[in-house]
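This report refers to the structure that appears directly beneath it.
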Amino acid sequence: MITVAGAAFAQTPNAASPTLAPARTPKTITEQFTTAERLQHAGWWPTKASELREAYAGAESCVPCHDEISSGQKTTQMARTATPASQSALLQNHPKIDLLLAQYTYEIVHNGSEEVFTVNEGDKSISVPLLWAFGTGTNGQSYLLQYQGSFYEARLSYFAAYQSFGITPGHPTTAEGGLEGALGRRLSADETPRCFGCHTTSANTAGSFDARQAVPGITCEACHGPAAAHVAASKSGLRDAAAGLVMNPANFSPVDSVDFCGSCHRTWWDITLAGFKGVETLRFPAYRLEKSACWGTGDKRITCVACHDPHEPLVKDTASYDSRCLSCHRTSAHAPATNDHPAPACPTGTHDCASCHMEKFEFPAMHTKFTDHFIRVVRAGEPVPE
């Protein structure tokens, strides 16, 4: 399962769990790792499953000391990237959904406290409650259910571009395997905890997965690590000790910072080893960013968090990012290069840089456009480069 800009959609087969990187090659990204490697290192890293459930304090415990940050974070798409299906505002706004796909009739009906998903074929049917809604619905939303003891990704997803439901990306257009195949795609034992690891908090603890203990969405502890010890030390007045009991990514080097976000959005090595090419890689901003000449060997002015505050909603006005571009680029062609401003001035201007140099491209399978984080001079009509 992958989430992009508020939409949760299926992984394609070659996007299974990232494998370990081979011997490092002489690239500018030599300090970076696959997510699998990061998880083997000591200390906290997003999606790590080694901590005990009791080590989590809950997001509300962060509020007394971090009220403003906590309030902002709750409004982000990350915080709302998973919710129990019964609480999905999108499904509540569609109290009954009917769709005919080939010989199968699909229904999602609100029934008491449940959203019941039904697949009919003639006089045969399967009905199960949807358990989770992944994605905010801004671009799309997909759903998880359980059938005969396994988690399935429902064959229907919501697409904001059409304001309607259709076949979930990655699913065959013709369902195979009868009603069970028409119901959705069964998730493997490895894939299920990865889905929950990037859409919820604390589903994976003590080396095992349990959806019943999943906290909806990405909360403080999903990124900063379990905070019970930190909270206890803070309440005891041990502020210096408390600071060392949670992770603060603000102190990371550029390469570590981008790999940190890549835990869910995929690192450069994750994508390289998975074999994605061309338009497929648009979904992975860290990989695309690090292809940019701007990236070089890594610069704090061009990490994910240099432009996107994870504690605030995504800013969609491209011109608002001009200050980030101008932190490196000179504003005049006559100005000399300096350590602070090594990049040349743009001959076109200094307004709305991203609209030209970070163009949006359509990814057909997901019926939405993605901002290309491969920063470059985009030439009209050129295909999306790998």
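As shown in the structure tokens, the chain order sets the letters A, B, ...; within each chain, residues go from 1, and ligands are also counted from 1 in the order they appear.
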Residues within 10 Å of Cys294 of chain A, please, as a PyMOL selection string. Count only C-alpha atoms; anything in the same chain fewer than 3 positions from it doesn't count. chain A and resi 289-291+297-299+301-302+325+328-329+343+374-376
Next, the residues of the selection above should be written as a short mmCIF file (atom, residue, chain, number, x, y, z; two decimals), in the first residue's frame with N, CA and C atoms.
```
data_model
loop_
_atom_site.label_atom_id
_atom_site.label_comp_id
_atom_site.auth_asym_id
_atom_site.auth_seq_id
_atom_site.Cartn_x
_atom_site.Cartn_y
_atom_site.Cartn_z
N LEU A 289 13.73 14.01 -6.03
CA LEU A 289 14.49 15.17 -5.54
C LEU A 289 15.99 14.94 -5.68
N GLU A 290 16.43 13.74 -5.35
CA GLU A 290 17.85 13.46 -5.33
C GLU A 290 18.44 13.26 -6.72
N LYS A 291 17.60 13.25 -7.75
CA LYS A 291 18.08 13.26 -9.12
C LYS A 291 18.39 14.68 -9.59
N THR A 297 25.46 16.77 -3.25
CA THR A 297 25.79 15.78 -2.22
C THR A 297 24.91 15.96 -0.99
N GLY A 298 23.88 16.79 -1.11
CA GLY A 298 22.98 17.02 0.02
C GLY A 298 23.15 18.41 0.58
N ASP A 299 22.04 19.12 0.73
CA ASP A 299 22.07 20.49 1.22
C ASP A 299 20.83 20.71 2.06
N ARG A 301 19.14 23.15 2.52
CA ARG A 301 18.16 24.04 1.91
C ARG A 301 17.24 23.31 0.94
N ILE A 302 17.48 22.02 0.72
CA ILE A 302 16.66 21.31 -0.26
C ILE A 302 16.21 19.94 0.23
N CYS A 325 13.70 28.46 -3.13
CA CYS A 325 14.53 28.45 -4.34
C CYS A 325 15.58 29.57 -4.27
N CYS A 328 19.15 29.54 -2.54
CA CYS A 328 20.34 29.06 -3.26
C CYS A 328 20.60 29.85 -4.54
N HIS A 329 19.52 30.19 -5.25
CA HIS A 329 19.68 30.85 -6.55
C HIS A 329 19.83 32.36 -6.39
N ALA A 343 23.92 29.01 -6.89
CA ALA A 343 23.17 28.68 -8.11
C ALA A 343 22.89 29.92 -8.94
N PHE A 374 11.79 16.18 -9.28
CA PHE A 374 13.04 16.25 -10.06
C PHE A 374 13.12 17.67 -10.60
N ILE A 375 13.82 18.54 -9.87
CA ILE A 375 13.89 19.97 -10.21
C ILE A 375 14.82 20.15 -11.40
N ARG A 376 14.31 20.75 -12.47
CA ARG A 376 15.10 20.89 -13.69
C ARG A 376 14.39 21.86 -14.62
#
```
List every residue of segment 41-87 of chain A that has an atom at most 12 Å from any atom of segment 142-152 of chain A, and for each one report the closest atom pair and its distance in Å to one decimal, counting only C-alpha atoms, with rows sorted by chain and then by increasing residue number, as JSON lines.
```
{"residue": "A:Thr81", "atom": "CA", "partner": "A:Ser142", "partner_atom": "CA", "distance": 10.5}
{"residue": "A:Ala82", "atom": "CA", "partner": "A:Tyr143", "partner_atom": "CA", "distance": 9.5}
{"residue": "A:Thr83", "atom": "CA", "partner": "A:Tyr143", "partner_atom": "CA", "distance": 9.8}
{"residue": "A:Pro84", "atom": "CA", "partner": "A:Tyr143", "partner_atom": "CA", "distance": 9.5}
{"residue": "A:Ala85", "atom": "CA", "partner": "A:Tyr143", "partner_atom": "CA", "distance": 7.4}
{"residue": "A:Ser86", "atom": "CA", "partner": "A:Tyr143", "partner_atom": "CA", "distance": 11.0}
```
Given only C-alpha atoms as the counted atoms, nearest of A:Glu107, A:Glu115, A:Glu153, A:Asp256 to Leu91 of chain A: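 Closest to Leu91 of chain A of all the choices is A:Glu115.
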Here is a test: counting only C-alpha atoms, which residue of A:Gly72, A:Pro226, A:Gly166, A:Gly296 is nearest to Ile97 of chain A? A:Gly166
Can you work out which one of A:Lys74, A:Arg155, A:His351, A:His341 has the shortest atom-to-atom distance to Tyr104 of chain A, counting only C-alpha atoms?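 That would be A:Arg155, the residue with the smallest distance to Tyr104 of chain A.
With only C-alpha atoms as the atoms that count, the residue of A:Ala214, A:Ala154, A:Ala89, A:Ala365 with the shortest distance to Gly58 of chain A is A:Ala214.
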Just want the 6 Å neighbourhood of segment 192-205 of chain A, counted on only C-alpha atoms, with same-chain residues fewer than 5 positions away dropped. Output as a ChimeraX atom specification. /A:1,47,49-53,81-82,187,210-211,213-218,222,264
Could those residues be written to a file, using C-alpha atoms, as a tab-separated table (two decimals), in the first residue's frame?
```tsv
chain	number	residue	atom	x	y	z
A	1	MET	CA	0.00	0.00	0.00
A	47	THR	CA	8.06	2.05	10.90
A	49	ALA	CA	8.60	-2.47	15.24
A	50	SER	CA	11.01	-3.28	18.07
A	51	GLU	CA	9.51	-1.11	20.84
A	52	LEU	CA	6.96	-2.36	23.36
A	53	ARG	CA	3.38	-1.07	23.17
A	81	THR	CA	-4.06	9.17	6.34
A	82	ALA	CA	-5.93	6.32	8.04
A	187	LEU	CA	-2.35	-8.79	1.42
A	210	ASP	CA	-1.61	-6.21	15.71
A	211	ALA	CA	-4.14	-4.04	13.89
A	213	GLN	CA	-3.63	-1.57	18.71
A	214	ALA	CA	-3.17	0.70	15.69
A	215	VAL	CA	-3.71	4.40	16.37
A	216	PRO	CA	-5.26	6.00	13.27
A	217	GLY	CA	-2.93	8.19	11.22
A	218	ILE	CA	0.63	9.36	11.70
A	222	ALA	CA	5.25	7.62	14.52
A	264	CYS	CA	7.28	5.74	4.05
```
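Taking only C-alpha atoms into account, Ser127 of chain A lies nearest to A:Glu180 out of the set A:Asp340, A:Asp270, A:Glu191, A:Glu180.
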Backbone-only DSSP, alpha helix (DSSP H) members of segment 245-313 of chain A, as a ChimeraX atom specification: /A:254-265,268-274,285-289,304-307
Excluding Val258 of chain A and any residue of its chain fewer than 5 positions from it, enumerate the residues within 12 Å of it, using only C-alpha atoms, and give them as a JSON list (two decimals) with C-alpha atoms, in the first residue's frame.
```
[["chain", "number", "residue", "atom", "x", "y", "z"],
["A", 29, "ILE", "CA", 24.14, 9.51, -2.54],
["A", 31, "GLU", "CA", 25.72, 7.89, 2.54],
["A", 32, "GLN", "CA", 22.13, 6.79, 2.06],
["A", 33, "PHE", "CA", 20.46, 3.46, 2.69],
["A", 34, "THR", "CA", 17.43, 1.38, 1.99],
["A", 35, "THR", "CA", 14.70, 1.57, 4.60],
["A", 249, "PRO", "CA", 14.97, 14.79, 13.03],
["A", 250, "ALA", "CA", 15.65, 18.55, 12.93],
["A", 252, "PHE", "CA", 19.81, 15.33, 10.95],
["A", 253, "SER", "CA", 22.22, 15.71, 8.08],
["A", 263, "SER", "CA", 10.82, 5.49, 5.40],
["A", 264, "CYS", "CA", 7.28, 5.74, 4.05],
["A", 265, "HIS", "CA", 7.78, 7.77, 0.87],
["A", 266, "ARG", "CA", 10.68, 5.50, -0.20],
["A", 267, "THR", "CA", 14.38, 6.31, -0.24],
["A", 268, "TRP", "CA", 16.56, 6.61, -3.32],
["A", 269, "TRP", "CA", 17.89, 3.09, -2.78],
["A", 284, "PHE", "CA", 8.40, 8.93, -4.79],
["A", 285, "PRO", "CA", 9.48, 12.52, -4.10],
["A", 286, "ALA", "CA", 12.72, 11.69, -2.26],
["A", 287, "TYR", "CA", 14.00, 9.68, -5.22],
["A", 288, "ARG", "CA", 13.02, 12.39, -7.69],
["A", 289, "LEU", "CA", 14.49, 15.17, -5.54],
["A", 290, "GLU", "CA", 17.85, 13.46, -5.33],
["A", 295, "TRP", "CA", 20.68, 18.12, -4.54],
["A", 298, "GLY", "CA", 22.98, 17.02, 0.02],
["A", 299, "ASP", "CA", 22.07, 20.49, 1.22],
["A", 300, "LYS", "CA", 19.85, 21.48, 4.15],
["A", 301, "ARG", "CA", 18.16, 24.04, 1.91],
["A", 302, "ILE", "CA", 16.66, 21.31, -0.26],
["A", 303, "THR", "CA", 15.55, 18.53, 2.07],
["A", 304, "CYS", "CA", 11.89, 17.54, 2.36],
["A", 305, "VAL", "CA", 11.43, 19.54, 5.55],
["A", 306, "ALA", "CA", 13.11, 22.61, 4.10],
["A", 307, "CYS", "CA", 9.95, 23.11, 2.06],
["A", 308, "HIS", "CA", 7.31, 21.08, 3.91]]
```
As a ChimeraX atom specification, list the residues of segment 108-310 of chain A assigned to strand (DSSP E or B) by DSSP on the backbone atoms of this structure. /A:108-111,114-121,124-135,140-147,150-154,156-159,164-167,184-186,200-201,204-205,208-209,215-216
Measuring atom to atom with only C-alpha atoms, identify which of A:Phe363, A:Glu312, A:Ser236, A:Asn248 is nearest to Glu68 of chain A. A:Glu312
Give me the residues near Leu100 of chain A as a PDB file with N, CA and C atoms, in the first residue's frame, where near means some atom within 12 Å (using only C-alpha atoms) and where sequence neighbours in that chain fewer than 4 positions away do not count.
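Saved result, out-v1.pdb, follows:
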```
ATOM      1  N   TYR A 104     -20.007  -8.485 -11.857  1.00  0.00           N
ATOM      2  CA  TYR A 104     -20.080  -8.259 -10.409  1.00  0.00           C
ATOM      3  C   TYR A 104     -20.748  -6.920 -10.084  1.00  0.00           C
ATOM      4  N   THR A 105     -21.617  -6.973  -9.099  1.00  0.00           N
ATOM      5  CA  THR A 105     -22.245  -5.760  -8.578  1.00  0.00           C
ATOM      6  C   THR A 105     -21.642  -5.467  -7.201  1.00  0.00           C
ATOM      7  N   TYR A 106     -21.194  -4.248  -7.017  1.00  0.00           N
ATOM      8  CA  TYR A 106     -20.554  -3.846  -5.762  1.00  0.00           C
ATOM      9  C   TYR A 106     -21.449  -2.863  -5.018  1.00  0.00           C
ATOM     10  N   GLU A 107     -21.470  -3.014  -3.703  1.00  0.00           N
ATOM     11  CA  GLU A 107     -22.221  -2.082  -2.855  1.00  0.00           C
ATOM     12  C   GLU A 107     -21.396  -1.763  -1.613  1.00  0.00           C
ATOM     13  N   THR A 118     -20.194  -5.275  -0.145  1.00  0.00           N
ATOM     14  CA  THR A 118     -20.816  -6.489  -0.697  1.00  0.00           C
ATOM     15  C   THR A 118     -20.464  -6.640  -2.167  1.00  0.00           C
ATOM     16  N   VAL A 119     -20.104  -7.860  -2.550  1.00  0.00           N
ATOM     17  CA  VAL A 119     -19.885  -8.213  -3.953  1.00  0.00           C
ATOM     18  C   VAL A 119     -20.909  -9.274  -4.321  1.00  0.00           C
ATOM     19  N   ASN A 120     -21.673  -9.029  -5.383  1.00  0.00           N
ATOM     20  CA  ASN A 120     -22.699  -9.959  -5.844  1.00  0.00           C
ATOM     21  C   ASN A 120     -22.354 -10.495  -7.228  1.00  0.00           C
ATOM     22  N   GLU A 121     -22.598 -11.762  -7.423  1.00  0.00           N
ATOM     23  CA  GLU A 121     -22.526 -12.385  -8.747  1.00  0.00           C
ATOM     24  C   GLU A 121     -23.726 -13.309  -8.863  1.00  0.00           C
ATOM     25  N   LEU A 156     -12.544  -1.775  -4.797  1.00  0.00           N
ATOM     26  CA  LEU A 156     -13.050  -0.433  -5.082  1.00  0.00           C
ATOM     27  C   LEU A 156     -12.282   0.613  -4.304  1.00  0.00           C
ATOM     28  N   PHE A 165     -16.299   6.110  -7.569  1.00  0.00           N
ATOM     29  CA  PHE A 165     -15.544   4.918  -7.215  1.00  0.00           C
ATOM     30  C   PHE A 165     -15.184   4.125  -8.462  1.00  0.00           C
ATOM     31  N   GLY A 166     -14.044   3.440  -8.394  1.00  0.00           N
ATOM     32  CA  GLY A 166     -13.600   2.619  -9.506  1.00  0.00           C
ATOM     33  C   GLY A 166     -12.625   1.572  -9.005  1.00  0.00           C
ATOM     34  N   ILE A 167     -11.996   0.863  -9.949  1.00  0.00           N
ATOM     35  CA  ILE A 167     -11.088  -0.219  -9.589  1.00  0.00           C
ATOM     36  C   ILE A 167      -9.818   0.340  -8.964  1.00  0.00           C
ATOM     37  N   ALA A 182     -12.902 -11.029  -6.791  1.00  0.00           N
ATOM     38  CA  ALA A 182     -13.626  -9.787  -7.040  1.00  0.00           C
ATOM     39  C   ALA A 182     -13.701  -8.926  -5.786  1.00  0.00           C
TER      40      ALA A 182
END
```
Contacts of His334 of chain A at 12 Å or less, counting only C-alpha atoms, minus same-chain residues fewer than 5 places along, as an MDAnalysis selection string? chainID A and resid 344:347
Restricting it to C-alpha atoms, dump the selection as a compact mmCIF listing (two decimals), in the first residue's frame.
```
# COMPACT_ATOMS: atom_id res chain seq x y z
CA PRO A 344 22.66 30.95 -11.12
CA ALA A 345 19.77 33.34 -11.57
CA CYS A 346 16.80 32.19 -13.62
CA PRO A 347 16.58 34.19 -16.88
```
Distance of atom CA of Cys223 of chain A from atom CA of Met358 of chain A, expressed in Å to one decimal place: 26.9 Å
Mind giving me the straight-line distance from atom CA of Gln40 of chain A to atom CA of Leu273 of chain A in Å, one decimal?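 Atom-to-atom, atom CA of Gln40 of chain A and atom CA of Leu273 of chain A are spaced 17.6 Å apart.
Residues in contact with Ala232 of chain A at 10 Å, where only C-alpha atoms are counted and same-chain residues fewer than 6 positions away are skipped, are listed as A:Ala57, A:Ser61, A:Leu238, A:Ala242.
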